[in-house]
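Source file: upload16.pdb. Holds: PDB, C-alpha atoms, pLDDT in the B column.
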ATOM      1  CA  THR A 174       0.496  42.563   6.128  1.00 53.00           C
ATOM      2  CA  ALA A 175      -3.138  41.982   5.294  1.00 58.00           C
ATOM      3  CA  PHE A 176      -3.865  40.851   8.863  1.00 58.00           C
ATOM      4  CA  SER A 177      -2.093  43.698  10.652  1.00 64.00           C
ATOM      5  CA  PHE A 178      -5.430  44.910  12.053  1.00 69.00           C
ATOM      6  CA  ALA A 179      -5.948  41.695  14.091  1.00 66.00           C
ATOM      7  CA  PRO A 180      -4.225  41.143  17.436  1.00 76.00           C
ATOM      8  CA  PRO A 181      -1.519  38.426  17.299  1.00 77.00           C
ATOM      9  CA  SER A 182      -3.457  36.063  19.583  1.00 88.00           C
ATOM     10  CA  ILE A 183      -6.539  36.110  17.335  1.00 88.00           C
ATOM     11  CA  LEU A 184      -4.384  35.666  14.241  1.00 88.00           C
ATOM     12  CA  SER A 185      -2.548  32.642  15.670  1.00 90.00           C
ATOM     13  CA  LEU A 186      -5.840  31.149  16.887  1.00 92.00           C
ATOM     14  CA  THR A 187      -7.347  31.555  13.413  1.00 92.00           C
ATOM     15  CA  ILE A 188      -4.327  29.934  11.774  1.00 94.00           C
ATOM     16  CA  CYS A 189      -4.481  27.004  14.214  1.00 95.00           C
ATOM     17  CA  MET A 190      -8.183  26.529  13.522  1.00 96.00           C
ATOM     18  CA  ILE A 191      -7.604  26.510   9.751  1.00 97.00           C
ATOM     19  CA  ILE A 192      -4.779  23.971  10.118  1.00 97.00           C
ATOM     20  CA  GLU A 193      -6.984  21.754  12.311  1.00 97.00           C
ATOM     21  CA  LEU A 194      -9.797  22.009   9.758  1.00 98.00           C
ATOM     22  CA  TYR A 195      -7.482  20.937   6.913  1.00 98.00           C
ATOM     23  CA  ALA A 196      -6.110  18.073   9.031  1.00 98.00           C
ATOM     24  CA  ALA A 197      -9.633  16.849   9.819  1.00 98.00           C
ATOM     25  CA  MET A 198     -10.626  17.038   6.144  1.00 98.00           C
ATOM     26  CA  ALA A 199      -7.512  15.106   5.107  1.00 98.00           C
ATOM     27  CA  GLN A 200      -8.190  12.429   7.737  1.00 98.00           C
ATOM     28  CA  ALA A 201     -11.791  12.091   6.549  1.00 98.00           C
ATOM     29  CA  GLU A 202     -10.584  11.616   2.951  1.00 98.00           C
ATOM     30  CA  ILE A 203      -8.108   8.924   4.040  1.00 98.00           C
ATOM     31  CA  GLU A 204     -10.812   7.069   5.972  1.00 98.00           C
ATOM     32  CA  LYS A 205     -13.233   7.305   3.024  1.00 98.00           C
ATOM     33  CA  LYS A 206     -10.593   5.949   0.643  1.00 98.00           C
ATOM     34  CA  GLU A 207      -9.741   3.056   2.997  1.00 98.00           C
ATOM     35  CA  LYS A 208     -13.448   2.218   3.398  1.00 98.00           C
ATOM     36  CA  HIS A 209     -14.007   2.129  -0.371  1.00 98.00           C
ATOM     37  CA  GLN A 210     -10.880   0.028  -0.843  1.00 96.00           C
ATOM     38  CA  ARG A 211     -12.071  -2.483   1.791  1.00 96.00           C
ATOM     39  CA  GLU A 212     -15.508  -2.626   0.168  1.00 97.00           C
ATOM     40  CA  GLY A 213     -13.935  -3.260  -3.241  1.00 94.00           C
ATOM     41  CA  ILE A 214     -11.725  -6.056  -1.909  1.00 92.00           C
ATOM     42  CA  ASP A 215     -14.675  -7.660  -0.095  1.00 94.00           C
ATOM     43  CA  ALA A 216     -16.800  -7.470  -3.255  1.00 94.00           C
ATOM     44  CA  LYS A 217     -14.006  -9.101  -5.277  1.00 93.00           C
ATOM     45  CA  LYS A 218     -13.747 -11.898  -2.680  1.00 92.00           C
ATOM     46  CA  ASN A 219     -17.532 -12.414  -2.713  1.00 94.00           C
ATOM     47  CA  ARG A 220     -17.549 -12.690  -6.515  1.00 94.00           C
ATOM     48  CA  GLY A 221     -14.782 -15.305  -6.335  1.00 90.00           C
ATOM     49  CA  GLU A 222     -12.294 -13.134  -8.221  1.00 88.00           C
ATOM     50  CA  TRP A 223      -9.790 -12.854  -5.375  1.00 83.00           C
ATOM     51  CA  ASP A 224      -7.149 -14.979  -7.128  1.00 81.00           C
ATOM     52  CA  ASP A 225      -6.793 -12.260  -9.787  1.00 79.00           C
ATOM     53  CA  TYR A 226      -5.902  -9.617  -7.181  1.00 82.00           C
ATOM     54  CA  GLY A 227      -2.320  -8.386  -6.962  1.00 81.00           C
ATOM     55  CA  CYS A 228       0.728  -9.187  -9.048  1.00 83.00           C
ATOM     56  CA  PRO A 229       0.604 -12.308 -11.188  1.00 80.00           C
ATOM     57  CA  ALA A 230       2.558 -15.274  -9.836  1.00 78.00           C
ATOM     58  CA  ILE A 231       5.866 -16.011 -11.556  1.00 78.00           C
ATOM     59  CA  MET A 232       5.493 -19.742 -10.977  1.00 85.00           C
ATOM     60  CA  SER A 233       3.226 -22.230  -9.251  1.00 88.00           C
ATOM     61  CA  GLN A 234       3.795 -23.226  -5.656  1.00 90.00           C
ATOM     62  CA  LYS A 235       4.828 -26.720  -6.805  1.00 94.00           C
ATOM     63  CA  GLU A 236       7.492 -25.281  -9.138  1.00 92.00           C
ATOM     64  CA  PHE A 237       8.719 -22.991  -6.377  1.00 90.00           C
ATOM     65  CA  LEU A 238       9.115 -25.900  -3.955  1.00 94.00           C
ATOM     66  CA  GLU A 239      11.089 -27.879  -6.553  1.00 94.00           C
ATOM     67  CA  HIS A 240      13.488 -24.974  -7.102  1.00 93.00           C
ATOM     68  CA  TYR A 241      13.675 -24.234  -3.375  1.00 92.00           C
ATOM     69  CA  GLU A 242      14.668 -27.829  -2.601  1.00 95.00           C
ATOM     70  CA  LYS A 243      17.487 -27.576  -5.168  1.00 93.00           C
ATOM     71  CA  VAL A 244      18.789 -24.484  -3.394  1.00 94.00           C
ATOM     72  CA  LEU A 245      18.476 -26.094   0.049  1.00 95.00           C
ATOM     73  CA  SER A 246      20.294 -29.235  -1.087  1.00 96.00           C
ATOM     74  CA  GLY A 247      23.136 -27.173  -2.529  1.00 94.00           C
ATOM     75  CA  GLU A 248      22.473 -28.322  -6.087  1.00 93.00           C
ATOM     76  CA  LEU A 249      21.948 -24.684  -7.096  1.00 92.00           C
ATOM     77  CA  ARG A 250      23.037 -21.418  -5.564  1.00 93.00           C
ATOM     78  CA  PRO A 251      20.314 -18.775  -5.158  1.00 93.00           C
ATOM     79  CA  PHE A 252      21.876 -16.417  -7.712  1.00 93.00           C
ATOM     80  CA  GLU A 253      22.235 -19.225 -10.264  1.00 92.00           C
ATOM     81  CA  LEU A 254      18.546 -20.016  -9.886  1.00 90.00           C
ATOM     82  CA  MET A 255      17.643 -16.349 -10.235  1.00 89.00           C
ATOM     83  CA  LYS A 256      19.653 -16.204 -13.464  1.00 91.00           C
ATOM     84  CA  GLN A 257      17.921 -19.337 -14.816  1.00 88.00           C
ATOM     85  CA  LEU A 258      14.496 -17.909 -14.016  1.00 86.00           C
ATOM     86  CA  GLY A 259      15.326 -14.463 -15.389  1.00 85.00           C
ATOM     87  CA  ILE A 260      14.787 -12.771 -12.039  1.00 82.00           C
ATOM     88  CA  ASN A 261      17.083  -9.801 -11.403  1.00 72.00           C
TER      89      ASN A 261
END

Translate this file's structure into structure tokens.
Amino acid sequence: TAFSFAPPSILSLTICMIIELYAAMAQAEIEKKEKHQREGIDAKKNRGEWDDYGCPAIMSQKEFLEHYEKVLSGELRPFELMKQLGIN
């Protein structure tokens, strides 16, 4: 091998150090990404655009409560409601 000149203990120590270096670099990238994501979310909240974040709502909360009450009362079964709303 290319490293046959190095004693096994030095070789394994070098490999461990390289692995630790890569792990530290990966952790730093994760932390940087999370920090930027938090800053972006906070900026969106401060601009008053938070309601646009995430998936769009299928229906209003009022509509949901109306449908939910029908299911609770037994007027509709959950799967029937899903079919009516086009939810698979």

Rounded to one decimal place, report the atom CA of A:Glu239-atom CA of A:Asn261 distance in Å.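 Taking atom CA of A:Glu239 and atom CA of A:Asn261, their separation equals 19.7 Å.
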
Compile the contact shell of A:Leu254 as a compact mmCIF listing (two decimals) with C-alpha atoms, in the frame of the given file: residues with an atom at most 9 Å away, counting all atoms listed in the file, same-chain residues fewer than 5 positions apart removed.
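The resulting file, result_29.txt, is shown below:
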# COMPACT_ATOMS: atom_id res chain seq x y z
CA HIS A 240 13.49 -24.97 -7.10
CA LYS A 243 17.49 -27.58 -5.17
CA VAL A 244 18.79 -24.48 -3.39
CA LEU A 249 21.95 -24.68 -7.10
CA GLY A 259 15.33 -14.46 -15.39
CA ILE A 260 14.79 -12.77 -12.04

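Our summary of the geometry notes that atom CA of A:Pro251 is positioned 28.3 Å from atom CA of A:Asp225.
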
Could you check how far atom CA of A:Gln210 sits from atom CA of A:Ile231, in Å to one decimal? 25.5 Å

Please enclose the listed atoms of stretch 191-207 of chain A in an axis-aligned box, pad each side by 5 Å, and write out the centre and the three edge lengths in Å, rounded to one decimal, as AutoDock Vina command-line options.
--center_x -9.0 --center_y 14.8 --center_z 6.5 --size_x 18.5 --size_y 33.5 --size_z 21.7

Which polymer residues have any atom within 12 Å of an atom of A:Tyr241, counting all atoms listed in the file, with same-chain residues fewer than 5 positions away left out, as a PyMOL selection string? chain A and resi 234-236+246-251+254-255

Would you list the residues near (-12.2, -10.6, -6.3) (no more than 7 Å away, in the coordinates of the file, using all atoms listed in the file) as number ranges by chain? A: 214, 216-226

Add whatever atoms are absent from stretch 208-222 of chain A to reach N, CA and C atoms, and provide the output as a PDB file, in the coordinates of the input.
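Full text of rebuild28.pdb as output:
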ATOM      1  N   LYS A 208     -12.148   2.904   3.358  1.00 98.00           N
ATOM      2  CA  LYS A 208     -13.448   2.218   3.398  1.00 98.00           C
ATOM      3  C   LYS A 208     -13.825   1.709   2.012  1.00 98.00           C
ATOM      4  N   HIS A 209     -13.675   2.543   0.999  1.00 98.00           N
ATOM      5  CA  HIS A 209     -14.007   2.129  -0.371  1.00 98.00           C
ATOM      6  C   HIS A 209     -13.090   1.006  -0.841  1.00 98.00           C
ATOM      7  N   GLN A 210     -11.821   1.085  -0.458  1.00 96.00           N
ATOM      8  CA  GLN A 210     -10.880   0.028  -0.843  1.00 96.00           C
ATOM      9  C   GLN A 210     -11.282  -1.298  -0.198  1.00 96.00           C
ATOM     10  N   ARG A 211     -11.619  -1.267   1.098  1.00 96.00           N
ATOM     11  CA  ARG A 211     -12.071  -2.483   1.791  1.00 96.00           C
ATOM     12  C   ARG A 211     -13.322  -3.048   1.141  1.00 96.00           C
ATOM     13  N   GLU A 212     -14.268  -2.170   0.806  1.00 97.00           N
ATOM     14  CA  GLU A 212     -15.508  -2.626   0.168  1.00 97.00           C
ATOM     15  C   GLU A 212     -15.214  -3.272  -1.185  1.00 97.00           C
ATOM     16  N   GLY A 213     -14.299  -2.696  -1.943  1.00 94.00           N
ATOM     17  CA  GLY A 213     -13.935  -3.260  -3.241  1.00 94.00           C
ATOM     18  C   GLY A 213     -13.283  -4.621  -3.113  1.00 94.00           C
ATOM     19  N   ILE A 214     -12.392  -4.769  -2.137  1.00 92.00           N
ATOM     20  CA  ILE A 214     -11.725  -6.056  -1.909  1.00 92.00           C
ATOM     21  C   ILE A 214     -12.743  -7.098  -1.468  1.00 92.00           C
ATOM     22  N   ASP A 215     -13.643  -6.720  -0.554  1.00 94.00           N
ATOM     23  CA  ASP A 215     -14.675  -7.660  -0.095  1.00 94.00           C
ATOM     24  C   ASP A 215     -15.583  -8.087  -1.246  1.00 94.00           C
ATOM     25  N   ALA A 216     -15.944  -7.139  -2.110  1.00 94.00           N
ATOM     26  CA  ALA A 216     -16.800  -7.470  -3.255  1.00 94.00           C
ATOM     27  C   ALA A 216     -16.075  -8.434  -4.191  1.00 94.00           C
ATOM     28  N   LYS A 217     -14.790  -8.216  -4.407  1.00 93.00           N
ATOM     29  CA  LYS A 217     -14.006  -9.101  -5.277  1.00 93.00           C
ATOM     30  C   LYS A 217     -13.939 -10.506  -4.670  1.00 93.00           C
ATOM     31  N   LYS A 218     -13.765 -10.586  -3.351  1.00 92.00           N
ATOM     32  CA  LYS A 218     -13.747 -11.898  -2.680  1.00 92.00           C
ATOM     33  C   LYS A 218     -15.100 -12.588  -2.818  1.00 92.00           C
ATOM     34  N   ASN A 219     -16.186 -11.836  -2.630  1.00 94.00           N
ATOM     35  CA  ASN A 219     -17.532 -12.414  -2.713  1.00 94.00           C
ATOM     36  C   ASN A 219     -17.866 -12.913  -4.111  1.00 94.00           C
ATOM     37  N   ARG A 220     -17.315 -12.259  -5.134  1.00 94.00           N
ATOM     38  CA  ARG A 220     -17.549 -12.690  -6.515  1.00 94.00           C
ATOM     39  C   ARG A 220     -16.642 -13.850  -6.908  1.00 94.00           C
ATOM     40  N   GLY A 221     -15.702 -14.208  -6.037  1.00 90.00           N
ATOM     41  CA  GLY A 221     -14.782 -15.305  -6.335  1.00 90.00           C
ATOM     42  C   GLY A 221     -13.648 -14.908  -7.257  1.00 90.00           C
ATOM     43  N   GLU A 222     -13.349 -13.622  -7.339  1.00 88.00           N
ATOM     44  CA  GLU A 222     -12.294 -13.134  -8.221  1.00 88.00           C
ATOM     45  C   GLU A 222     -11.021 -12.792  -7.457  1.00 88.00           C
TER      46      GLU A 222
END
